[in-house]
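S.K.: Handing over entry.pdb, PDB, C-alpha atoms and all ligand atoms.
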ATOM      1  CA  MET A   1     -44.266 -36.341   2.303
ATOM      2  CA  LEU A   2     -45.009 -39.882   1.212
ATOM      3  CA  LEU A   3     -48.587 -41.048   1.445
ATOM      4  CA  LEU A   4     -47.473 -44.567   2.222
ATOM      5  CA  ASP A   5     -43.970 -45.591   3.149
ATOM      6  CA  ALA A   6     -43.435 -49.214   4.134
ATOM      7  CA  LYS A   7     -40.049 -50.569   5.156
ATOM      8  CA  GLY A   8     -38.877 -54.123   5.629
ATOM      9  CA  LEU A   9     -42.259 -55.822   5.562
ATOM     10  CA  VAL A  10     -42.018 -59.490   6.448
ATOM     11  CA  LYS A  11     -44.987 -61.837   6.462
ATOM     12  CA  SER A  12     -45.113 -65.605   6.823
ATOM     13  CA  PHE A  13     -48.024 -67.977   7.112
ATOM     14  CA  PRO A  14     -47.891 -71.307   8.887
ATOM     15  CA  LYS A  15     -48.231 -74.298   6.623
ATOM     16  CA  ALA A  16     -47.818 -78.035   7.008
ATOM     17  CA  GLY A  17     -44.208 -78.743   7.925
ATOM     18  CA  GLY A  18     -43.072 -75.138   8.435
ATOM     19  CA  ASN A  19     -43.668 -71.584   7.353
ATOM     20  CA  LEU A  20     -44.532 -70.047   4.026
ATOM     21  CA  ASP A  21     -42.423 -66.893   3.757
ATOM     22  CA  VAL A  22     -44.569 -64.702   1.552
ATOM     23  CA  LEU A  23     -42.960 -61.275   2.045
ATOM     24  CA  ARG A  24     -39.253 -61.276   2.893
ATOM     25  CA  GLY A  25     -38.448 -57.652   3.538
ATOM     26  CA  VAL A  26     -40.513 -55.524   1.210
ATOM     27  CA  ASP A  27     -40.054 -51.764   0.898
ATOM     28  CA  PHE A  28     -42.926 -49.918  -0.691
ATOM     29  CA  GLN A  29     -43.658 -46.255  -1.281
ATOM     30  CA  CYS A  30     -46.572 -44.365  -2.764
ATOM     31  CA  GLY A  31     -46.408 -40.609  -3.178
ATOM     32  CA  SER A  32     -49.285 -38.185  -3.085
ATOM     33  CA  GLY A  33     -51.411 -38.547  -6.206
ATOM     34  CA  GLU A  34     -49.218 -41.345  -7.504
ATOM     35  CA  ALA A  35     -50.497 -44.535  -9.127
ATOM     36  CA  VAL A  36     -48.376 -47.624  -8.474
ATOM     37  CA  ALA A  37     -49.051 -50.989 -10.101
ATOM     38  CA  VAL A  38     -47.991 -54.243  -8.453
ATOM     39  CA  ILE A  39     -47.684 -57.276 -10.694
ATOM     40  CA  GLY A  40     -46.428 -60.781 -10.012
ATOM     41  CA  PRO A  41     -47.422 -64.426 -10.308
ATOM     42  CA  SER A  42     -50.394 -65.934  -8.510
ATOM     43  CA  GLY A  43     -49.486 -66.684  -4.913
ATOM     44  CA  ALA A  44     -46.603 -64.197  -4.892
ATOM     45  CA  GLY A  45     -48.138 -62.234  -2.023
ATOM     46  CA  LYS A  46     -49.768 -59.274  -3.764
ATOM     47  CA  SER A  47     -53.010 -59.463  -1.782
ATOM     48  CA  THR A  48     -50.995 -60.087   1.383
ATOM     49  CA  LEU A  49     -49.087 -56.846   0.743
ATOM     50  CA  LEU A  50     -52.295 -54.869   0.164
ATOM     51  CA  ASN A  51     -53.768 -56.289   3.372
ATOM     52  CA  LEU A  52     -50.763 -55.008   5.316
ATOM     53  CA  LEU A  53     -50.862 -51.583   3.623
ATOM     54  CA  GLY A  54     -54.564 -51.389   4.460
ATOM     55  CA  ALA A  55     -54.174 -52.419   8.118
ATOM     56  CA  LEU A  56     -56.293 -55.508   7.574
ATOM     57  CA  ASP A  57     -53.407 -57.654   8.730
ATOM     58  CA  TRP A  58     -50.214 -57.066  10.676
ATOM     59  CA  PRO A  59     -46.655 -57.786   9.465
ATOM     60  CA  ASP A  60     -44.272 -60.074  11.355
ATOM     61  CA  ALA A  61     -41.678 -57.332  10.942
ATOM     62  CA  GLY A  62     -41.446 -53.947   9.295
ATOM     63  CA  ILE A  63     -43.215 -50.650   9.633
ATOM     64  CA  ILE A  64     -45.690 -48.598   7.612
ATOM     65  CA  HIS A  65     -45.897 -44.809   7.683
ATOM     66  CA  HIS A  66     -48.626 -42.535   6.393
ATOM     67  CA  ASP A  67     -47.709 -38.851   6.017
ATOM     68  CA  GLY A  68     -44.677 -39.548   8.155
ATOM     69  CA  ARG A  69     -46.641 -41.125  11.001
ATOM     70  CA  PRO A  70     -46.185 -44.808  11.853
ATOM     71  CA  LEU A  71     -49.127 -47.180  11.956
ATOM     72  CA  ARG A  72     -49.197 -48.691  15.429
ATOM     73  CA  ARG A  73     -50.722 -52.003  16.364
ATOM     74  CA  GLN A  74     -53.628 -50.520  18.257
ATOM     75  CA  ARG A  75     -57.186 -51.318  17.485
ATOM     76  CA  ARG A  76     -58.308 -47.683  17.317
ATOM     77  CA  GLU A  77     -55.472 -46.670  15.066
ATOM     78  CA  MET A  78     -55.891 -49.602  12.686
ATOM     79  CA  THR A  79     -59.639 -48.959  12.499
ATOM     80  CA  HIS A  80     -59.038 -45.295  11.742
ATOM     81  CA  TRP A  81     -56.553 -46.296   9.048
ATOM     82  CA  ARG A  82     -59.044 -48.661   7.405
ATOM     83  CA  ARG A  83     -61.823 -46.086   7.496
ATOM     84  CA  HIS A  84     -60.012 -42.902   6.537
ATOM     85  CA  VAL A  85     -56.517 -43.480   5.172
ATOM     86  CA  VAL A  86     -57.284 -46.239   2.668
ATOM     87  CA  GLY A  87     -60.161 -47.338   0.483
ATOM     88  CA  PHE A  88     -60.361 -50.923  -0.714
ATOM     89  CA  VAL A  89     -61.412 -52.526  -3.951
ATOM     90  CA  PHE A  90     -61.139 -56.216  -3.200
ATOM     91  CA  GLN A  91     -60.417 -59.049  -5.606
ATOM     92  CA  TYR A  92     -64.062 -60.076  -5.063
ATOM     93  CA  HIS A  93     -66.423 -57.170  -4.722
ATOM     94  CA  PHE A  94     -67.995 -57.980  -1.301
ATOM     95  CA  LEU A  95     -71.073 -55.891  -1.942
ATOM     96  CA  LEU A  96     -73.935 -56.502   0.461
ATOM     97  CA  PRO A  97     -76.529 -58.477  -1.506
ATOM     98  CA  ASP A  98     -79.643 -57.038   0.162
ATOM     99  CA  PHE A  99     -78.579 -53.429  -0.344
ATOM    100  CA  THR A 100     -78.899 -51.370  -3.501
ATOM    101  CA  ALA A 101     -75.820 -49.948  -5.198
ATOM    102  CA  ARG A 102     -76.446 -46.553  -3.568
ATOM    103  CA  GLU A 103     -76.925 -48.122  -0.122
ATOM    104  CA  ASN A 104     -73.738 -50.136  -0.554
ATOM    105  CA  LEU A 105     -71.842 -46.875  -1.030
ATOM    106  CA  LEU A 106     -73.225 -45.585   2.251
ATOM    107  CA  VAL A 107     -71.934 -48.598   4.203
ATOM    108  CA  PRO A 108     -68.451 -47.117   4.834
ATOM    109  CA  VAL A 109     -70.145 -43.930   6.044
ATOM    110  CA  ARG A 110     -72.535 -45.756   8.363
ATOM    111  CA  VAL A 111     -69.687 -47.426  10.251
ATOM    112  CA  VAL A 112     -68.613 -43.900  11.206
ATOM    113  CA  LYS A 113     -71.855 -41.911  11.458
ATOM    114  CA  GLU A 114     -75.414 -41.525  10.244
ATOM    115  CA  PRO A 115     -75.192 -40.480   6.562
ATOM    116  CA  SER A 116     -76.060 -36.861   5.863
ATOM    117  CA  ARG A 117     -77.704 -35.421   2.793
ATOM    118  CA  ALA A 118     -74.224 -34.525   1.534
ATOM    119  CA  ASP A 119     -73.173 -38.179   1.908
ATOM    120  CA  TRP A 120     -76.109 -39.339  -0.220
ATOM    121  CA  GLN A 121     -75.166 -36.724  -2.779
ATOM    122  CA  ARG A 122     -71.575 -37.885  -2.774
ATOM    123  CA  ALA A 123     -72.749 -41.471  -3.315
ATOM    124  CA  ASP A 124     -74.802 -40.367  -6.329
ATOM    125  CA  ASP A 125     -71.895 -38.336  -7.607
ATOM    126  CA  LEU A 126     -69.503 -41.302  -7.374
ATOM    127  CA  LEU A 127     -72.037 -43.590  -9.024
ATOM    128  CA  ALA A 128     -72.354 -41.040 -11.833
ATOM    129  CA  ALA A 129     -68.566 -40.963 -12.209
ATOM    130  CA  MET A 130     -68.695 -44.738 -12.636
ATOM    131  CA  GLU A 131     -71.583 -44.342 -15.123
ATOM    132  CA  LEU A 132     -74.018 -46.133 -12.858
ATOM    133  CA  THR A 133     -76.665 -43.479 -12.312
ATOM    134  CA  ASP A 134     -79.403 -45.593 -13.823
ATOM    135  CA  ARG A 135     -78.324 -48.647 -11.788
ATOM    136  CA  ALA A 136     -78.216 -46.916  -8.395
ATOM    137  CA  ASP A 137     -81.371 -48.559  -7.062
ATOM    138  CA  HIS A 138     -80.461 -52.083  -8.129
ATOM    139  CA  ARG A 139     -79.096 -54.781  -5.868
ATOM    140  CA  PRO A 140     -75.799 -56.504  -6.753
ATOM    141  CA  GLY A 141     -77.687 -59.598  -7.964
ATOM    142  CA  GLU A 142     -79.367 -57.439 -10.582
ATOM    143  CA  LEU A 143     -76.082 -55.984 -11.844
ATOM    144  CA  SER A 144     -73.549 -57.368 -14.308
ATOM    145  CA  GLY A 145     -70.074 -58.326 -13.105
ATOM    146  CA  GLY A 146     -68.619 -55.118 -14.514
ATOM    147  CA  GLU A 147     -71.325 -53.023 -12.888
ATOM    148  CA  GLN A 148     -70.723 -54.724  -9.534
ATOM    149  CA  GLN A 149     -67.014 -53.939  -9.754
ATOM    150  CA  ARG A 150     -67.798 -50.322 -10.629
ATOM    151  CA  VAL A 151     -69.969 -50.069  -7.511
ATOM    152  CA  ALA A 152     -67.069 -51.500  -5.508
ATOM    153  CA  VAL A 153     -64.725 -48.879  -7.003
ATOM    154  CA  ALA A 154     -67.153 -46.065  -6.187
ATOM    155  CA  ARG A 155     -67.527 -47.394  -2.639
ATOM    156  CA  ALA A 156     -63.744 -47.395  -2.140
ATOM    157  CA  PHE A 157     -63.690 -43.610  -2.685
ATOM    158  CA  MET A 158     -66.673 -42.860  -0.479
ATOM    159  CA  ASN A 159     -64.833 -41.779   2.692
ATOM    160  CA  ARG A 160     -62.314 -39.702   0.712
ATOM    161  CA  PRO A 161     -59.363 -42.014   1.389
ATOM    162  CA  ARG A 162     -55.841 -40.736   0.817
ATOM    163  CA  VAL A 163     -54.993 -43.858  -1.128
ATOM    164  CA  VAL A 164     -57.140 -46.479  -2.830
ATOM    165  CA  LEU A 165     -55.886 -50.069  -2.735
ATOM    166  CA  ALA A 166     -57.326 -52.030  -5.645
ATOM    167  CA  ASP A 167     -56.773 -55.772  -5.919
ATOM    168  CA  GLU A 168     -57.403 -56.994  -9.486
ATOM    169  CA  PRO A 169     -60.403 -54.680  -9.721
ATOM    170  CA  PHE A 170     -61.362 -55.840 -13.204
ATOM    171  CA  GLY A 171     -59.666 -59.223 -13.226
ATOM    172  CA  ASN A 172     -62.749 -61.204 -14.127
ATOM    173  CA  LEU A 173     -63.781 -59.033 -17.038
ATOM    174  CA  ASP A 174     -62.879 -59.234 -20.683
ATOM    175  CA  ARG A 175     -60.149 -56.918 -21.941
ATOM    176  CA  THR A 176     -62.258 -54.302 -23.687
ATOM    177  CA  LYS A 177     -64.569 -53.949 -20.719
ATOM    178  CA  GLY A 178     -61.653 -53.925 -18.293
ATOM    179  CA  SER A 179     -59.931 -51.189 -20.269
ATOM    180  CA  ARG A 180     -63.073 -49.050 -20.310
ATOM    181  CA  LEU A 181     -63.476 -49.464 -16.545
ATOM    182  CA  SER A 182     -59.818 -48.603 -16.014
ATOM    183  CA  ASP A 183     -60.515 -45.294 -17.797
ATOM    184  CA  LEU A 184     -63.269 -44.585 -15.287
ATOM    185  CA  LEU A 185     -61.110 -45.599 -12.316
ATOM    186  CA  PHE A 186     -58.174 -43.419 -13.394
ATOM    187  CA  ALA A 187     -60.461 -40.477 -14.173
ATOM    188  CA  LEU A 188     -62.047 -40.734 -10.735
ATOM    189  CA  ARG A 189     -58.737 -40.935  -8.953
ATOM    190  CA  ASP A 190     -57.467 -37.897 -10.915
ATOM    191  CA  ARG A 191     -60.513 -36.005  -9.754
ATOM    192  CA  GLU A 192     -60.207 -37.173  -6.150
ATOM    193  CA  GLN A 193     -56.431 -36.604  -6.069
ATOM    194  CA  SER A 194     -55.833 -39.802  -4.152
ATOM    195  CA  GLY A 195     -52.988 -42.241  -4.408
ATOM    196  CA  LEU A 196     -53.687 -45.556  -6.096
ATOM    197  CA  VAL A 197     -52.076 -48.934  -5.565
ATOM    198  CA  ILE A 198     -53.348 -51.378  -8.104
ATOM    199  CA  VAL A 199     -52.624 -55.097  -8.221
ATOM    200  CA  THR A 200     -53.149 -56.469 -11.678
ATOM    201  CA  HIS A 201     -52.239 -59.196 -14.131
ATOM    202  CA  ASP A 202     -53.191 -56.909 -16.994
ATOM    203  CA  PRO A 203     -50.128 -55.310 -18.656
ATOM    204  CA  ASP A 204     -52.301 -52.586 -20.230
ATOM    205  CA  LEU A 205     -53.618 -51.567 -16.841
ATOM    206  CA  ALA A 206     -50.153 -51.724 -15.246
ATOM    207  CA  ARG A 207     -48.773 -49.461 -17.973
ATOM    208  CA  ARG A 208     -51.140 -46.686 -16.939
ATOM    209  CA  ALA A 209     -49.502 -46.447 -13.537
ATOM    210  CA  ASP A 210     -46.652 -44.039 -12.801
ATOM    211  CA  ARG A 211     -44.522 -46.954 -11.613
ATOM    212  CA  VAL A 212     -44.750 -50.725 -11.980
ATOM    213  CA  LEU A 213     -43.365 -53.023  -9.293
ATOM    214  CA  GLU A 214     -43.059 -56.777  -9.510
ATOM    215  CA  LEU A 215     -43.400 -59.048  -6.516
ATOM    216  CA  THR A 216     -41.474 -62.309  -6.849
ATOM    217  CA  ASP A 217     -39.802 -64.548  -4.298
ATOM    218  CA  GLY A 218     -40.952 -62.301  -1.490
ATOM    219  CA  GLN A 219     -39.188 -59.254  -2.907
ATOM    220  CA  LEU A 220     -40.534 -56.192  -4.650
ATOM    221  CA  ARG A 221     -38.522 -54.707  -7.477
ATOM    222  CA  ARG A 222     -39.144 -51.917  -9.910
ATOM    223  CA  VAL A 223     -39.991 -52.881 -13.483
ATOM    224  CA  THR A 224     -40.713 -49.459 -15.011
TER     225      THR A 224
HETATM  226  N1  LIG A 301     -54.272 -66.380   5.859
HETATM  227  C1  LIG A 301     -53.427 -67.205   5.212
HETATM  228  N2  LIG A 301     -53.018 -68.361   5.780
HETATM  229  C2  LIG A 301     -52.143 -69.181   5.149
HETATM  230  N3  LIG A 301     -51.637 -68.928   3.929
HETATM  231  C3  LIG A 301     -52.015 -67.788   3.312
HETATM  232  C4  LIG A 301     -52.932 -66.871   3.912
HETATM  233  N4  LIG A 301     -53.103 -65.824   3.065
HETATM  234  C5  LIG A 301     -52.354 -66.092   1.985
HETATM  235  N5  LIG A 301     -51.686 -67.256   2.130
HETATM  236  C6  LIG A 301     -50.738 -67.842   1.176
HETATM  237  O1  LIG A 301     -49.754 -66.860   0.909
HETATM  238  C7  LIG A 301     -49.403 -66.860  -0.468
HETATM  239  C8  LIG A 301     -49.628 -65.486  -1.045
HETATM  240  O2  LIG A 301     -51.041 -65.242  -1.121
HETATM  241  P1  LIG A 301     -51.661 -63.962  -1.790
HETATM  242  O3  LIG A 301     -53.122 -64.078  -1.682
HETATM  243  O4  LIG A 301     -51.029 -62.757  -1.187
HETATM  244  O5  LIG A 301     -51.167 -64.105  -3.295
HETATM  245  P2  LIG A 301     -51.496 -63.209  -4.578
HETATM  246  O6  LIG A 301     -50.195 -62.719  -5.113
HETATM  247  O7  LIG A 301     -52.517 -62.198  -4.227
HETATM  248  O8  LIG A 301     -52.102 -64.280  -5.595
HETATM  249  P3  LIG A 301     -53.289 -64.125  -6.683
HETATM  250  O9  LIG A 301     -52.679 -63.415  -7.852
HETATM  251  O10 LIG A 301     -53.650 -65.540  -7.011
HETATM  252  O11 LIG A 301     -54.413 -63.368  -6.062
HETATM  253  C9  LIG A 301     -50.225 -67.951  -1.129
HETATM  254  O12 LIG A 301     -49.437 -69.115  -1.224
HETATM  255  C10 LIG A 301     -51.371 -68.156  -0.158
HETATM  256  O13 LIG A 301     -51.834 -69.472  -0.199
HETATM  257 MG    MG A 302     -54.501 -61.908  -4.738
END
Could you render the structure from this file as structure tokens?
Ligand SMILES: Nc1ncnc2c1ncn2[C@@H]1O[C@H](COP(=O)(O)OP(=O)(O)OP(=O)(O)O)[C@@H](O)[C@H]1O
Ligand SMILES: [Mg+2]
M.R.:
Amino acid sequence: MLLLDAKGLVKSFPKAGGNLDVLRGVDFQCGSGEAVAVIGPSGAGKSTLLNLLGALDWPDAGIIHHDGRPLRRQRREMTHWRRHVVGFVFQYHFLLPDFTARENLLVPVRVVKEPSRADWQRADDLLAAMELTDRADHRPGELSGGEQQRVAVARAFMNRPRVVLADEPFGNLDRTKGSRLSDLLFALRDREQSGLVIVTHDPDLARRADRVLELTDGQLRRVT
């Protein structure tokens, strides 16, 4: 069974003098435990695609299945999808500035329930996997860019999502650092056995994926 199976996704945005057709019938699949990289020029619609796959936005046409079940345009179902089916690493980390790294990891739990002792332990465990144990009590403002992104990666796994959607997770970092952090991300996703959809400009990062897809002119096609 496919973790994610999207068919015929169409998405346009209004712009001056007409519509901007960003996705023009995109099919996308991610199998269980599979890592898929999506590359493509700036403005091609990569973040738009991730937003649809993560139920943050709704397509003009097309349908998305998870484990064979369709995502329906109902508030409860989309909320459940965002909380339990997917985990997000955004292009910008969106950590809460007044919360420590550890507390930021508990945010996705708190929207569901009061964190238990096991949840705090899981947060510490994920921070350790991202080599952040000694930074756990620091706020984002006290962390380097790479450390902030590692917290964001750890947070994406917190609710045990079936698939993590990562949008240029290390885009603002230099190559050596980015490559080191990619090691940590791939190791964590191996351990967690989740799917991974990773948008990246970095060919080295894309090469680590099981498949590479390129988004151009509103279409997705397989590169490797
Ligand atoms: N909410 C919106 N309203 C209007 N236009 C939008 C909206 N979101 C995205 N767009 C436009 O859709 C196009 C695709 O945007 P998107 O953010 O998906 O690109 P991207 O491939 O992620 O680019 P980048 O690599 O620069 O992050 C862009 O031209 C963008 O300006
Ligand atoms: Mg983007």
S.K.: Which residues match the PyMOL selection byres (((not hetatm)) within 12 of (chain A and resi 301)) in the file above, as a short mmCIF file (atom, residue, chain, number, x, y, z; two decimals) with C-alpha atoms, in the coordinates of the input?
M.R.:
data_model
loop_
_atom_site.label_atom_id
_atom_site.label_comp_id
_atom_site.auth_asym_id
_atom_site.auth_seq_id
_atom_site.Cartn_x
_atom_site.Cartn_y
_atom_site.Cartn_z
CA LYS A 11 -44.99 -61.84 6.46
CA SER A 12 -45.11 -65.60 6.82
CA PHE A 13 -48.02 -67.98 7.11
CA PRO A 14 -47.89 -71.31 8.89
CA LYS A 15 -48.23 -74.30 6.62
CA ALA A 16 -47.82 -78.04 7.01
CA GLY A 18 -43.07 -75.14 8.44
CA ASN A 19 -43.67 -71.58 7.35
CA LEU A 20 -44.53 -70.05 4.03
CA ASP A 21 -42.42 -66.89 3.76
CA VAL A 22 -44.57 -64.70 1.55
CA LEU A 23 -42.96 -61.28 2.04
CA ARG A 24 -39.25 -61.28 2.89
CA VAL A 38 -47.99 -54.24 -8.45
CA ILE A 39 -47.68 -57.28 -10.69
CA GLY A 40 -46.43 -60.78 -10.01
CA PRO A 41 -47.42 -64.43 -10.31
CA SER A 42 -50.39 -65.93 -8.51
CA GLY A 43 -49.49 -66.68 -4.91
CA ALA A 44 -46.60 -64.20 -4.89
CA GLY A 45 -48.14 -62.23 -2.02
CA LYS A 46 -49.77 -59.27 -3.76
CA SER A 47 -53.01 -59.46 -1.78
CA THR A 48 -51.00 -60.09 1.38
CA LEU A 49 -49.09 -56.85 0.74
CA LEU A 50 -52.30 -54.87 0.16
CA ASN A 51 -53.77 -56.29 3.37
CA LEU A 52 -50.76 -55.01 5.32
CA LEU A 56 -56.29 -55.51 7.57
CA ASP A 57 -53.41 -57.65 8.73
CA TRP A 58 -50.21 -57.07 10.68
CA PHE A 90 -61.14 -56.22 -3.20
CA GLN A 91 -60.42 -59.05 -5.61
CA TYR A 92 -64.06 -60.08 -5.06
CA ALA A 166 -57.33 -52.03 -5.64
CA ASP A 167 -56.77 -55.77 -5.92
CA GLU A 168 -57.40 -56.99 -9.49
CA PRO A 169 -60.40 -54.68 -9.72
CA GLY A 171 -59.67 -59.22 -13.23
CA ASN A 172 -62.75 -61.20 -14.13
CA ILE A 198 -53.35 -51.38 -8.10
CA VAL A 199 -52.62 -55.10 -8.22
CA THR A 200 -53.15 -56.47 -11.68
CA HIS A 201 -52.24 -59.20 -14.13
CA ASP A 202 -53.19 -56.91 -16.99
CA GLU A 214 -43.06 -56.78 -9.51
CA LEU A 215 -43.40 -59.05 -6.52
CA THR A 216 -41.47 -62.31 -6.85
CA ASP A 217 -39.80 -64.55 -4.30
CA GLY A 218 -40.95 -62.30 -1.49
CA GLN A 219 -39.19 -59.25 -2.91
CA LEU A 220 -40.53 -56.19 -4.65
#
S.K.: Quick one: of A:Asp134, A:Val89, A:Gly17, A:Ala128, who's nearest to ligand MG 302 (chain A), counting all atoms listed in the file?
M.R.: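 The shortest atom-to-atom distance to ligand MG 302 (chain A) comes from A:Val89.
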S.K.: Enumerate, as number ranges by chain, the residues matched when the PyMOL selection byres (((chain A and resi 110-127) around 8) and not hetatm) is run on the file above.
M.R.: A: 102, 105-109, 128-133, 136, 151, 154-155, 157-158
S.K.: Only C-alpha atoms, please: the residues just picked out, written as a compact mmCIF listing (two decimals), keeping the file's coordinate frame.
M.R.:
# COMPACT_ATOMS: atom_id res chain seq x y z
CA ARG A 102 -76.45 -46.55 -3.57
CA LEU A 105 -71.84 -46.88 -1.03
CA LEU A 106 -73.22 -45.58 2.25
CA VAL A 107 -71.93 -48.60 4.20
CA PRO A 108 -68.45 -47.12 4.83
CA VAL A 109 -70.14 -43.93 6.04
CA ALA A 128 -72.35 -41.04 -11.83
CA ALA A 129 -68.57 -40.96 -12.21
CA MET A 130 -68.69 -44.74 -12.64
CA GLU A 131 -71.58 -44.34 -15.12
CA LEU A 132 -74.02 -46.13 -12.86
CA THR A 133 -76.67 -43.48 -12.31
CA ALA A 136 -78.22 -46.92 -8.40
CA VAL A 151 -69.97 -50.07 -7.51
CA ALA A 154 -67.15 -46.06 -6.19
CA ARG A 155 -67.53 -47.39 -2.64
CA PHE A 157 -63.69 -43.61 -2.68
CA MET A 158 -66.67 -42.86 -0.48
S.K.: Using Å and a single decimal, report how far atom CA of Gln74 of chain A sits from atom CA of Asp27 of chain A.
M.R.: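 Between these atoms lies a distance of 22.1 Å.
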S.K.: Can you give me, as an MDAnalysis selection string, the residues this file yields under the PyMOL selection byres (((chain A and resi 139-145) around 8) and not hetatm)?
M.R.: chainID A and resid 95:101 135 137:138 146:149 172:173
S.K.: Could you jot down the atom CA of Arg75 of chain A to atom CA of Ala55 of chain A separation for me, Å, one decimal place?
M.R.: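 Calculated distance between atom CA of Arg75 of chain A and atom CA of Ala55 of chain A is 9.9 Å.
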S.K.: Could you pull the residues within 9 Å of Ser32 of chain A, counting only C-alpha atoms, minus those fewer than 5 positions along the same chain, as a list in words?
M.R.: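 The contact residues come out as Met1, Leu2, Leu3, Leu4, Arg162, Val163, Gln193, Ser194 and Gly195 of chain A.
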S.K.: Could you check the closest approach to Arg211 of chain A for each of A:Glu34, A:Asp190, A:Asp5, A:Glu77 and tell me which residue wins, using only C-alpha atoms?
M.R.: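 Result for the nearest residue to Arg211 of chain A: A:Glu34.
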S.K.: Rounded to one decimal, what separation in Å do you get between atom CA of Val10 of chain A and atom CA of Phe170 of chain A?
M.R.: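 Distance between the two atoms: 27.8 Å.
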S.K.: N, CA, C and O atoms are needed for segment 33-46 of chain A; please write them out as a PDB file, keeping the file's coordinate frame.
M.R.:
ATOM      1  N   GLY A  33     -50.900 -38.594  -4.840  1.00  0.00           N
ATOM      2  CA  GLY A  33     -51.411 -38.547  -6.206  1.00  0.00           C
ATOM      3  C   GLY A  33     -50.756 -39.518  -7.168  1.00  0.00           C
ATOM      4  O   GLY A  33     -50.999 -39.460  -8.365  1.00  0.00           O
ATOM      5  N   GLU A  34     -49.935 -40.405  -6.643  1.00  0.00           N
ATOM      6  CA  GLU A  34     -49.218 -41.345  -7.504  1.00  0.00           C
ATOM      7  C   GLU A  34     -50.033 -42.637  -7.692  1.00  0.00           C
ATOM      8  O   GLU A  34     -50.743 -43.063  -6.788  1.00  0.00           O
ATOM      9  N   ALA A  35     -49.891 -43.225  -8.875  1.00  0.00           N
ATOM     10  CA  ALA A  35     -50.497 -44.535  -9.127  1.00  0.00           C
ATOM     11  C   ALA A  35     -49.373 -45.557  -9.281  1.00  0.00           C
ATOM     12  O   ALA A  35     -48.480 -45.379 -10.114  1.00  0.00           O
ATOM     13  N   VAL A  36     -49.406 -46.591  -8.447  1.00  0.00           N
ATOM     14  CA  VAL A  36     -48.376 -47.624  -8.474  1.00  0.00           C
ATOM     15  C   VAL A  36     -49.043 -48.953  -8.797  1.00  0.00           C
ATOM     16  O   VAL A  36     -50.050 -49.317  -8.167  1.00  0.00           O
ATOM     17  N   ALA A  37     -48.514 -49.665  -9.777  1.00  0.00           N
ATOM     18  CA  ALA A  37     -49.051 -50.989 -10.101  1.00  0.00           C
ATOM     19  C   ALA A  37     -48.144 -52.050  -9.504  1.00  0.00           C
ATOM     20  O   ALA A  37     -46.917 -51.899  -9.495  1.00  0.00           O
ATOM     21  N   VAL A  38     -48.746 -53.100  -8.968  1.00  0.00           N
ATOM     22  CA  VAL A  38     -47.991 -54.243  -8.453  1.00  0.00           C
ATOM     23  C   VAL A  38     -48.398 -55.464  -9.264  1.00  0.00           C
ATOM     24  O   VAL A  38     -49.582 -55.825  -9.312  1.00  0.00           O
ATOM     25  N   ILE A  39     -47.412 -56.063  -9.930  1.00  0.00           N
ATOM     26  CA  ILE A  39     -47.684 -57.276 -10.694  1.00  0.00           C
ATOM     27  C   ILE A  39     -46.909 -58.429 -10.050  1.00  0.00           C
ATOM     28  O   ILE A  39     -46.118 -58.215  -9.120  1.00  0.00           O
ATOM     29  N   GLY A  40     -47.130 -59.622 -10.556  1.00  0.00           N
ATOM     30  CA  GLY A  40     -46.428 -60.781 -10.012  1.00  0.00           C
ATOM     31  C   GLY A  40     -47.297 -62.015 -10.124  1.00  0.00           C
ATOM     32  O   GLY A  40     -48.525 -61.908 -10.220  1.00  0.00           O
ATOM     33  N   PRO A  41     -46.666 -63.192 -10.107  1.00  0.00           N
ATOM     34  CA  PRO A  41     -47.422 -64.426 -10.308  1.00  0.00           C
ATOM     35  C   PRO A  41     -48.432 -64.682  -9.194  1.00  0.00           C
ATOM     36  O   PRO A  41     -48.335 -64.114  -8.114  1.00  0.00           O
ATOM     37  N   SER A  42     -49.396 -65.546  -9.504  1.00  0.00           N
ATOM     38  CA  SER A  42     -50.394 -65.934  -8.510  1.00  0.00           C
ATOM     39  C   SER A  42     -49.692 -66.562  -7.305  1.00  0.00           C
ATOM     40  O   SER A  42     -48.785 -67.379  -7.463  1.00  0.00           O
ATOM     41  N   GLY A  43     -50.088 -66.150  -6.124  1.00  0.00           N
ATOM     42  CA  GLY A  43     -49.486 -66.684  -4.913  1.00  0.00           C
ATOM     43  C   GLY A  43     -48.232 -65.957  -4.470  1.00  0.00           C
ATOM     44  O   GLY A  43     -47.613 -66.300  -3.466  1.00  0.00           O
ATOM     45  N   ALA A  44     -47.839 -64.918  -5.214  1.00  0.00           N
ATOM     46  CA  ALA A  44     -46.603 -64.197  -4.892  1.00  0.00           C
ATOM     47  C   ALA A  44     -46.718 -63.369  -3.614  1.00  0.00           C
ATOM     48  O   ALA A  44     -45.706 -63.047  -2.990  1.00  0.00           O
ATOM     49  N   GLY A  45     -47.958 -63.010  -3.247  1.00  0.00           N
ATOM     50  CA  GLY A  45     -48.138 -62.234  -2.023  1.00  0.00           C
ATOM     51  C   GLY A  45     -48.685 -60.838  -2.262  1.00  0.00           C
ATOM     52  O   GLY A  45     -48.634 -59.982  -1.378  1.00  0.00           O
ATOM     53  N   LYS A  46     -49.257 -60.612  -3.430  1.00  0.00           N
ATOM     54  CA  LYS A  46     -49.768 -59.274  -3.764  1.00  0.00           C
ATOM     55  C   LYS A  46     -50.927 -58.880  -2.850  1.00  0.00           C
ATOM     56  O   LYS A  46     -50.953 -57.765  -2.309  1.00  0.00           O
TER      57      LYS A  46
END
